[in-house]
>>> print(open('entry.txt').read())   # compact mmCIF, C-alpha atoms
# COMPACT_ATOMS: atom_id res chain seq x y z
CA MET A 30 -3.38 -24.45 8.20
CA SER A 31 -4.79 -21.51 10.21
CA GLU A 32 -8.48 -21.17 11.02
CA PRO A 33 -9.01 -18.05 8.81
CA THR A 34 -7.45 -19.94 5.88
CA LYS A 35 -9.71 -22.92 6.49
CA ASP A 36 -12.78 -20.66 6.73
CA ILE A 37 -12.11 -18.85 3.46
CA LEU A 38 -11.35 -22.07 1.60
CA ALA A 39 -14.47 -23.73 3.00
CA GLN A 40 -16.76 -20.80 2.24
CA ALA A 41 -15.45 -19.87 -1.22
CA LYS A 42 -17.91 -20.75 -3.99
CA PHE A 43 -16.02 -21.79 -7.12
CA ASN A 44 -17.82 -21.77 -10.47
CA SER A 45 -18.48 -24.80 -12.66
CA ASP A 46 -14.89 -24.63 -13.93
CA GLY A 47 -13.56 -24.70 -10.38
CA LEU A 48 -12.55 -21.03 -10.47
CA ILE A 49 -13.32 -17.89 -8.49
CA PRO A 50 -12.61 -14.30 -9.66
CA ALA A 51 -10.05 -12.43 -7.55
CA VAL A 52 -10.05 -8.63 -7.35
CA VAL A 53 -6.56 -7.46 -6.38
CA GLN A 54 -6.43 -4.10 -4.64
CA ASP A 55 -3.49 -1.96 -3.49
CA ALA A 56 -3.79 -1.98 0.31
CA GLY A 57 -2.29 1.49 0.57
CA THR A 58 -4.15 3.38 -2.16
CA ARG A 59 -7.32 1.24 -2.56
CA GLU A 60 -6.78 1.26 -6.33
CA VAL A 61 -7.83 -1.91 -8.16
CA LEU A 62 -4.70 -3.41 -9.70
CA THR A 63 -6.05 -6.38 -11.60
CA VAL A 64 -8.78 -9.01 -11.77
CA ALA A 65 -7.67 -12.61 -12.21
CA TYR A 66 -8.90 -16.11 -11.40
CA MET A 67 -7.97 -18.60 -8.72
CA ASN A 68 -8.73 -22.27 -8.36
CA GLU A 69 -8.76 -23.87 -4.92
CA GLU A 70 -5.02 -24.50 -4.94
CA ALA A 71 -4.18 -20.94 -6.03
CA LEU A 72 -6.37 -19.55 -3.25
CA ARG A 73 -4.80 -21.88 -0.70
CA LEU A 74 -1.26 -20.92 -1.77
CA THR A 75 -2.17 -17.22 -1.67
CA LEU A 76 -3.43 -17.61 1.89
CA GLU A 77 -0.54 -19.80 3.08
CA LYS A 78 2.41 -18.17 1.26
CA GLY A 79 1.34 -14.55 1.66
CA GLN A 80 1.80 -13.73 -2.03
CA THR A 81 -0.73 -13.88 -4.84
CA HIS A 82 -1.11 -17.05 -6.90
CA PHE A 83 -3.55 -17.34 -9.78
CA TYR A 84 -4.85 -19.84 -12.31
CA SER A 85 -4.26 -19.06 -15.99
CA ARG A 86 -7.32 -20.02 -18.03
CA SER A 87 -5.39 -19.80 -21.30
CA ARG A 88 -2.37 -21.85 -20.16
CA LYS A 89 -4.45 -23.96 -17.77
CA THR A 90 -1.82 -23.79 -15.07
CA LEU A 91 -1.05 -22.12 -11.75
CA TRP A 92 1.18 -19.06 -11.71
CA HIS A 93 2.84 -17.11 -8.93
CA LYS A 94 2.65 -13.36 -9.57
CA GLY A 95 6.20 -11.97 -9.73
CA GLU A 96 7.94 -15.32 -10.08
CA THR A 97 9.54 -14.26 -13.37
CA SER A 98 9.18 -10.45 -13.24
CA GLY A 99 9.99 -9.87 -9.58
CA ASN A 100 6.78 -7.83 -9.25
CA PHE A 101 5.44 -9.78 -6.28
CA GLN A 102 2.21 -8.87 -4.51
CA ASN A 103 2.47 -9.29 -0.74
CA VAL A 104 -0.91 -10.15 0.72
CA ARG A 105 -2.23 -8.06 3.59
CA ARG A 106 -5.87 -9.22 3.70
CA VAL A 107 -8.12 -11.69 1.94
CA ALA A 108 -11.91 -11.54 2.11
CA LEU A 109 -14.92 -12.99 0.33
CA ASP A 110 -17.85 -10.92 -0.89
CA CYS A 111 -21.36 -11.30 0.53
CA ASP A 112 -22.19 -14.12 -1.92
CA PHE A 113 -18.86 -15.89 -1.30
CA ASP A 114 -18.25 -16.12 -5.07
CA THR A 115 -15.62 -13.36 -5.45
CA VAL A 116 -12.44 -12.90 -3.45
CA LEU A 117 -10.85 -9.56 -2.57
CA VAL A 118 -7.08 -9.61 -2.09
CA GLU A 119 -5.47 -6.51 -0.58
CA VAL A 120 -1.74 -6.39 -1.35
CA GLU A 121 1.39 -4.32 -1.09
CA PRO A 122 2.78 -4.51 -4.64
CA GLU A 123 6.50 -4.77 -5.35
CA GLY A 124 6.23 -3.19 -8.77
CA PRO A 125 3.68 -2.94 -11.59
CA ALA A 126 0.62 -5.18 -11.59
CA CYS A 127 0.17 -5.27 -15.37
CA HIS A 128 2.31 -7.25 -17.83
CA THR A 129 2.64 -4.01 -19.84
CA GLY A 130 4.59 -2.46 -16.98
CA ALA A 131 1.69 -0.25 -15.87
CA TYR A 132 0.85 0.23 -12.22
CA SER A 133 -2.63 -1.20 -12.82
CA CYS A 134 -4.24 -3.29 -15.55
CA PHE A 135 -6.94 -0.60 -15.68
CA GLU A 136 -4.54 2.13 -16.84
CA VAL A 137 -4.89 4.21 -13.70
CA GLN A 138 -1.86 6.11 -12.52
CA PRO A 139 -0.74 5.89 -8.91
CA GLY A 140 -2.73 8.49 -6.99
CA PHE A 141 -1.64 10.80 -4.21
CA GLY A 142 -2.00 7.98 -1.68
CA ALA A 143 0.38 5.80 -3.68
CA ASN A 144 2.93 8.62 -3.86
CA ILE A 145 2.76 9.10 -0.10
CA GLN A 146 3.17 5.34 0.46
CA GLN A 147 6.17 5.27 -1.89
CA LEU A 148 7.74 8.17 0.00
CA TYR A 149 7.11 6.41 3.32
CA ASP A 150 8.71 3.22 1.98
CA LEU A 151 11.74 5.13 0.66
CA ILE A 152 12.26 6.96 3.97
CA SER A 153 11.91 3.65 5.85
CA LEU A 154 14.61 2.20 3.61
CA ARG A 155 16.84 5.21 4.24
CA LYS A 156 16.48 4.65 7.97
CA GLU A 157 17.48 1.01 7.60
CA ILE A 158 20.40 1.43 5.17
CA ARG A 159 21.62 4.92 6.18
CA PRO A 160 23.31 5.82 2.84
CA GLU A 161 26.11 8.35 3.21
CA GLY A 162 25.36 11.89 2.06
CA SER A 163 21.60 11.52 2.43
CA TYR A 164 19.71 14.33 4.18
CA THR A 165 17.26 11.74 5.49
CA THR A 166 20.14 9.72 6.95
CA ARG A 167 21.41 12.82 8.73
CA LEU A 168 17.99 13.45 10.26
CA PHE A 169 17.78 9.90 11.60
CA LYS A 170 21.31 10.08 12.98
CA GLU A 171 20.52 13.33 14.81
CA GLY A 172 17.42 11.80 16.38
CA ILE A 173 13.86 12.74 17.24
CA ASP A 174 14.68 16.16 18.72
CA LYS A 175 16.20 17.34 15.43
CA ILE A 176 13.42 15.73 13.40
CA VAL A 177 10.56 17.40 15.28
CA LYS A 178 12.44 20.72 15.28
CA LYS A 179 12.53 20.58 11.48
CA LEU A 180 8.89 19.49 11.41
CA GLY A 181 7.93 22.53 13.47
CA GLU A 182 9.97 24.84 11.24
CA GLU A 183 8.29 23.48 8.12
CA ALA A 184 4.85 23.88 9.70
CA VAL A 185 5.58 27.56 10.43
CA GLU A 186 6.91 28.10 6.90
CA THR A 187 3.76 26.52 5.48
CA VAL A 188 1.58 28.92 7.51
CA ILE A 189 3.65 31.90 6.34
CA ALA A 190 3.37 30.77 2.72
CA ALA A 191 -0.41 30.41 3.08
CA LYS A 192 -0.69 33.98 4.38
CA ASN A 193 1.87 35.85 2.32
CA ASP A 194 3.20 33.97 -0.68
CA SER A 195 2.06 32.56 -4.01
CA SER A 196 0.16 29.29 -4.31
CA GLN A 197 3.30 27.69 -5.80
CA ARG A 198 5.27 28.57 -2.69
CA LEU A 199 2.51 27.02 -0.57
CA VAL A 200 2.73 23.85 -2.66
CA GLU A 201 6.49 23.68 -2.10
CA GLU A 202 6.24 24.25 1.65
CA THR A 203 3.44 21.68 1.94
CA ALA A 204 5.64 19.10 0.23
CA ASP A 205 8.47 19.88 2.69
CA LEU A 206 6.04 19.59 5.61
CA LEU A 207 4.71 16.22 4.43
CA TYR A 208 8.23 14.89 3.96
CA HIS A 209 9.28 15.84 7.50
CA LEU A 210 5.99 14.53 8.92
CA ILE A 211 6.65 11.13 7.31
CA VAL A 212 10.22 11.12 8.66
CA THR A 213 8.69 11.68 12.10
CA LEU A 214 6.21 8.82 11.64
CA VAL A 215 8.97 6.44 10.51
CA GLU A 216 11.21 7.43 13.42
CA LYS A 217 8.38 6.75 15.88
CA GLY A 218 7.36 3.48 14.19
CA VAL A 219 3.91 4.73 13.19
CA THR A 220 2.55 3.32 9.93
CA LEU A 221 0.38 5.06 7.35
CA GLU A 222 -2.17 2.29 7.87
CA GLU A 223 -2.56 3.35 11.52
CA VAL A 224 -3.17 6.94 10.41
CA ARG A 225 -5.66 5.78 7.78
CA GLU A 226 -7.54 3.70 10.35
CA GLU A 227 -7.77 6.71 12.68
CA LEU A 228 -9.12 8.90 9.86
CA GLN A 229 -11.61 6.18 8.94
CA LYS A 230 -12.73 5.94 12.57
CA ARG A 231 -13.28 9.70 12.69
CA GLN A 232 -15.21 9.61 9.44
CA LYS A 233 -17.58 7.02 10.87
CA THR A 234 -18.10 8.91 14.13
CA GLY A 235 -18.19 12.36 12.58
CA LYS A 236 -15.35 13.54 14.81
CA ARG A 237 -13.70 16.67 13.38
CA ASN A 238 -15.63 16.37 10.10
>>> encode(input="entry.txt", output="structure tokens")
Amino acid sequence: MSEPTKDILAQAKFNSDGLIPAVVQDAGTREVLTVAYMNEEALRLTLEKGQTHFYSRSRKTLWHKGETSGNFQNVRRVALDCDFDTVLVEVEPEGPACHTGAYSCFEVQPGFGANIQQLYDLISLRKEIRPEGSYTTRLFKEGIDKIVKKLGEEAVETVIAAKNDSSQRLVEETADLLYHLIVTLVEKGVTLEEVREELQKRQKTGKRN
């Protein structure tokens, strides 16, 4: 058992029923997906296995999220709050969080950040599988020079649309620009999390804000 796992298990304050509430958050979008409960074993399994495990108060048993539905939640970070009596679990979800099939148990729709993450994941998959007939596959086969050439072209077209065309045309060109930017990030092995961390750093320092 790793030291971080030991620390969290040792510090967690379970209630009189031996449970601790767990707030599950999408690591990419920061949306809250669900709130459930863990006992000590569920928390330990979540930390060790890298996927969420909970304790069902109604069935009085452990359950592994996604075991029957396939909608697993891959853990990226686990932290305790300042009182050590609530656990935050940041995950990358493999499907809906709610048993109703909704993205979140709180009836929120995936926001813009979730859409960007989904596009990044799809483009990453295209790079790995290289399906025939895919425009994305063709870009990856042609390499970084072709990719950045297209990125530059889309940037110019976005500027032209901003100056001369309708707002709808600007929306369309912006979507094309974002797509080619994400292709570039995937090709260079840069994650959206790295970009988010840089933006967060600039927000804290006031750089370019």
>>> closest_residue(input="entry.txt", among="A:Val188, A:Met67, A:Cys111, A:Ala126", to="Ala51 of chain A", atoms="only C-alpha atoms")
A:Met67
>>> residues_near_point(input="entry.txt", point="(6.6, 25.8, 3.6)", cutoff="8 Å", atoms="only C-alpha atoms", output="ChimeraX atom specification")
/A:183-190,198-206
>>> residues_near_point(input="entry.txt", point="(-11.1, -7.5, -7.6)", cutoff="8 Å", atoms="all atoms listed in the file", output="ChimeraX atom specification")
/A:50-54,61-65,115-118
>>> write_last_selection(input="entry.txt", atoms="C-alpha atoms", output="compact mmCIF listing (two decimals), in the frame of the given file")
# COMPACT_ATOMS: atom_id res chain seq x y z
CA PRO A 50 -12.61 -14.30 -9.66
CA ALA A 51 -10.05 -12.43 -7.55
CA VAL A 52 -10.05 -8.63 -7.35
CA VAL A 53 -6.56 -7.46 -6.38
CA GLN A 54 -6.43 -4.10 -4.64
CA VAL A 61 -7.83 -1.91 -8.16
CA LEU A 62 -4.70 -3.41 -9.70
CA THR A 63 -6.05 -6.38 -11.60
CA VAL A 64 -8.78 -9.01 -11.77
CA ALA A 65 -7.67 -12.61 -12.21
CA THR A 115 -15.62 -13.36 -5.45
CA VAL A 116 -12.44 -12.90 -3.45
CA LEU A 117 -10.85 -9.56 -2.57
CA VAL A 118 -7.08 -9.61 -2.09
>>> residues_around(input="entry.txt", residues="segment 36-47 of chain A", least_positions_apart="5", cutoff="12 Å", atoms="all atoms listed in the file", output="count of residues only")
30
>>> atom_distance(input="entry.txt", atom1="atom CA of Ala143 of chain A", atom2="atom CA of Val120 of chain A")
12.6 Å
>>> atom_distance(input="entry.txt", atom1="atom CA of Gly181 of chain A", atom2="atom CA of Glu157 of chain A")
24.3 Å
>>> atom_distance(input="entry.txt", atom1="atom CA of Ser195 of chain A", atom2="atom CA of Tyr208 of chain A")
20.3 Å
>>> closest_residue(input="entry.txt", among="A:Asn100, A:Gln147, A:Ser85, A:Thr213", to="Phe169 of chain A", atoms="all atoms listed in the file")
A:Thr213
>>> closest_residue(input="entry.txt", among="A:Lys217, A:Lys233, A:His128, A:His82", to="Ile176 of chain A", atoms="all atoms listed in the file")
A:Lys217
>>> closest_residue(input="entry.txt", among="A:Ser153, A:Glu226, A:Ser196, A:Ser163", to="Ile211 of chain A", atoms="only C-alpha atoms")
A:Ser153
>>> residues_around(input="entry.txt", residues="Ile173 of chain A", least_positions_apart="4", cutoff="12 Å", atoms="all atoms listed in the file", output="list in words")
Arg167, Leu168, Phe169, Val177, Lys178, Lys179, Leu180, His209, Leu210, Val212, Thr213, Leu214, Val215, Glu216, Lys217 and Gly218 of chain A
>>> closest_residue(input="entry.txt", among="A:Gly99, A:Gly79, A:Pro122, A:Gly172", to="Asp150 of chain A", atoms="all atoms listed in the file")
A:Pro122
>>> closest_residue(input="entry.txt", among="A:Ala56, A:Lys78, A:His93, A:Gly130", to="Arg105 of chain A", atoms="only C-alpha atoms")
A:Ala56
>>> decode(input="entry.txt", residues="segment 66-87 of chain A", atoms="N, CA and C atoms", output="compact mmCIF listing (two decimals), in the first residue's frame")
# COMPACT_ATOMS: atom_id res chain seq x y z
N TYR A 66 -21.58 7.11 -0.72
CA TYR A 66 -20.91 6.83 0.55
C TYR A 66 -19.87 5.72 0.38
N MET A 67 -18.83 5.81 1.17
CA MET A 67 -17.80 4.78 1.22
C MET A 67 -17.60 4.35 2.67
N ASN A 68 -17.37 3.05 2.86
CA ASN A 68 -16.83 2.62 4.14
C ASN A 68 -15.32 2.49 3.97
N GLU A 69 -14.63 2.02 4.97
CA GLU A 69 -13.17 1.97 4.89
C GLU A 69 -12.71 1.08 3.75
N GLU A 70 -13.39 -0.04 3.54
CA GLU A 70 -12.97 -0.95 2.48
C GLU A 70 -13.22 -0.35 1.10
N ALA A 71 -14.34 0.33 0.92
CA ALA A 71 -14.64 0.97 -0.37
C ALA A 71 -13.61 2.04 -0.69
N LEU A 72 -13.22 2.82 0.32
CA LEU A 72 -12.21 3.85 0.12
C LEU A 72 -10.87 3.22 -0.22
N ARG A 73 -10.52 2.16 0.50
CA ARG A 73 -9.25 1.48 0.22
C ARG A 73 -9.23 0.92 -1.20
N LEU A 74 -10.30 0.28 -1.63
CA LEU A 74 -10.37 -0.29 -2.98
C LEU A 74 -10.31 0.81 -4.04
N THR A 75 -10.97 1.93 -3.77
CA THR A 75 -10.94 3.06 -4.70
C THR A 75 -9.51 3.56 -4.89
N LEU A 76 -8.78 3.66 -3.78
CA LEU A 76 -7.40 4.13 -3.83
C LEU A 76 -6.47 3.11 -4.50
N GLU A 77 -6.68 1.84 -4.21
CA GLU A 77 -5.77 0.80 -4.70
C GLU A 77 -6.07 0.39 -6.14
N LYS A 78 -7.36 0.30 -6.50
CA LYS A 78 -7.75 -0.20 -7.81
C LYS A 78 -7.84 0.90 -8.87
N GLY A 79 -7.96 2.14 -8.43
CA GLY A 79 -8.02 3.24 -9.39
C GLY A 79 -9.38 3.41 -10.05
N GLN A 80 -10.41 2.79 -9.48
CA GLN A 80 -11.78 2.99 -9.93
C GLN A 80 -12.67 3.10 -8.71
N THR A 81 -13.77 3.84 -8.84
CA THR A 81 -14.59 4.11 -7.67
C THR A 81 -15.32 2.86 -7.17
N HIS A 82 -15.32 2.71 -5.85
CA HIS A 82 -16.08 1.70 -5.13
C HIS A 82 -16.87 2.42 -4.04
N PHE A 83 -18.09 1.99 -3.83
CA PHE A 83 -18.94 2.65 -2.84
C PHE A 83 -19.59 1.62 -1.92
N TYR A 84 -20.27 2.14 -0.90
CA TYR A 84 -21.04 1.28 0.00
C TYR A 84 -22.50 1.65 -0.13
N SER A 85 -23.34 0.69 -0.47
CA SER A 85 -24.77 0.91 -0.61
C SER A 85 -25.44 0.81 0.75
N ARG A 86 -26.03 1.90 1.20
CA ARG A 86 -26.70 1.90 2.51
C ARG A 86 -27.99 1.09 2.47
N SER A 87 -28.65 1.06 1.30
CA SER A 87 -29.90 0.30 1.21
C SER A 87 -29.65 -1.20 1.12
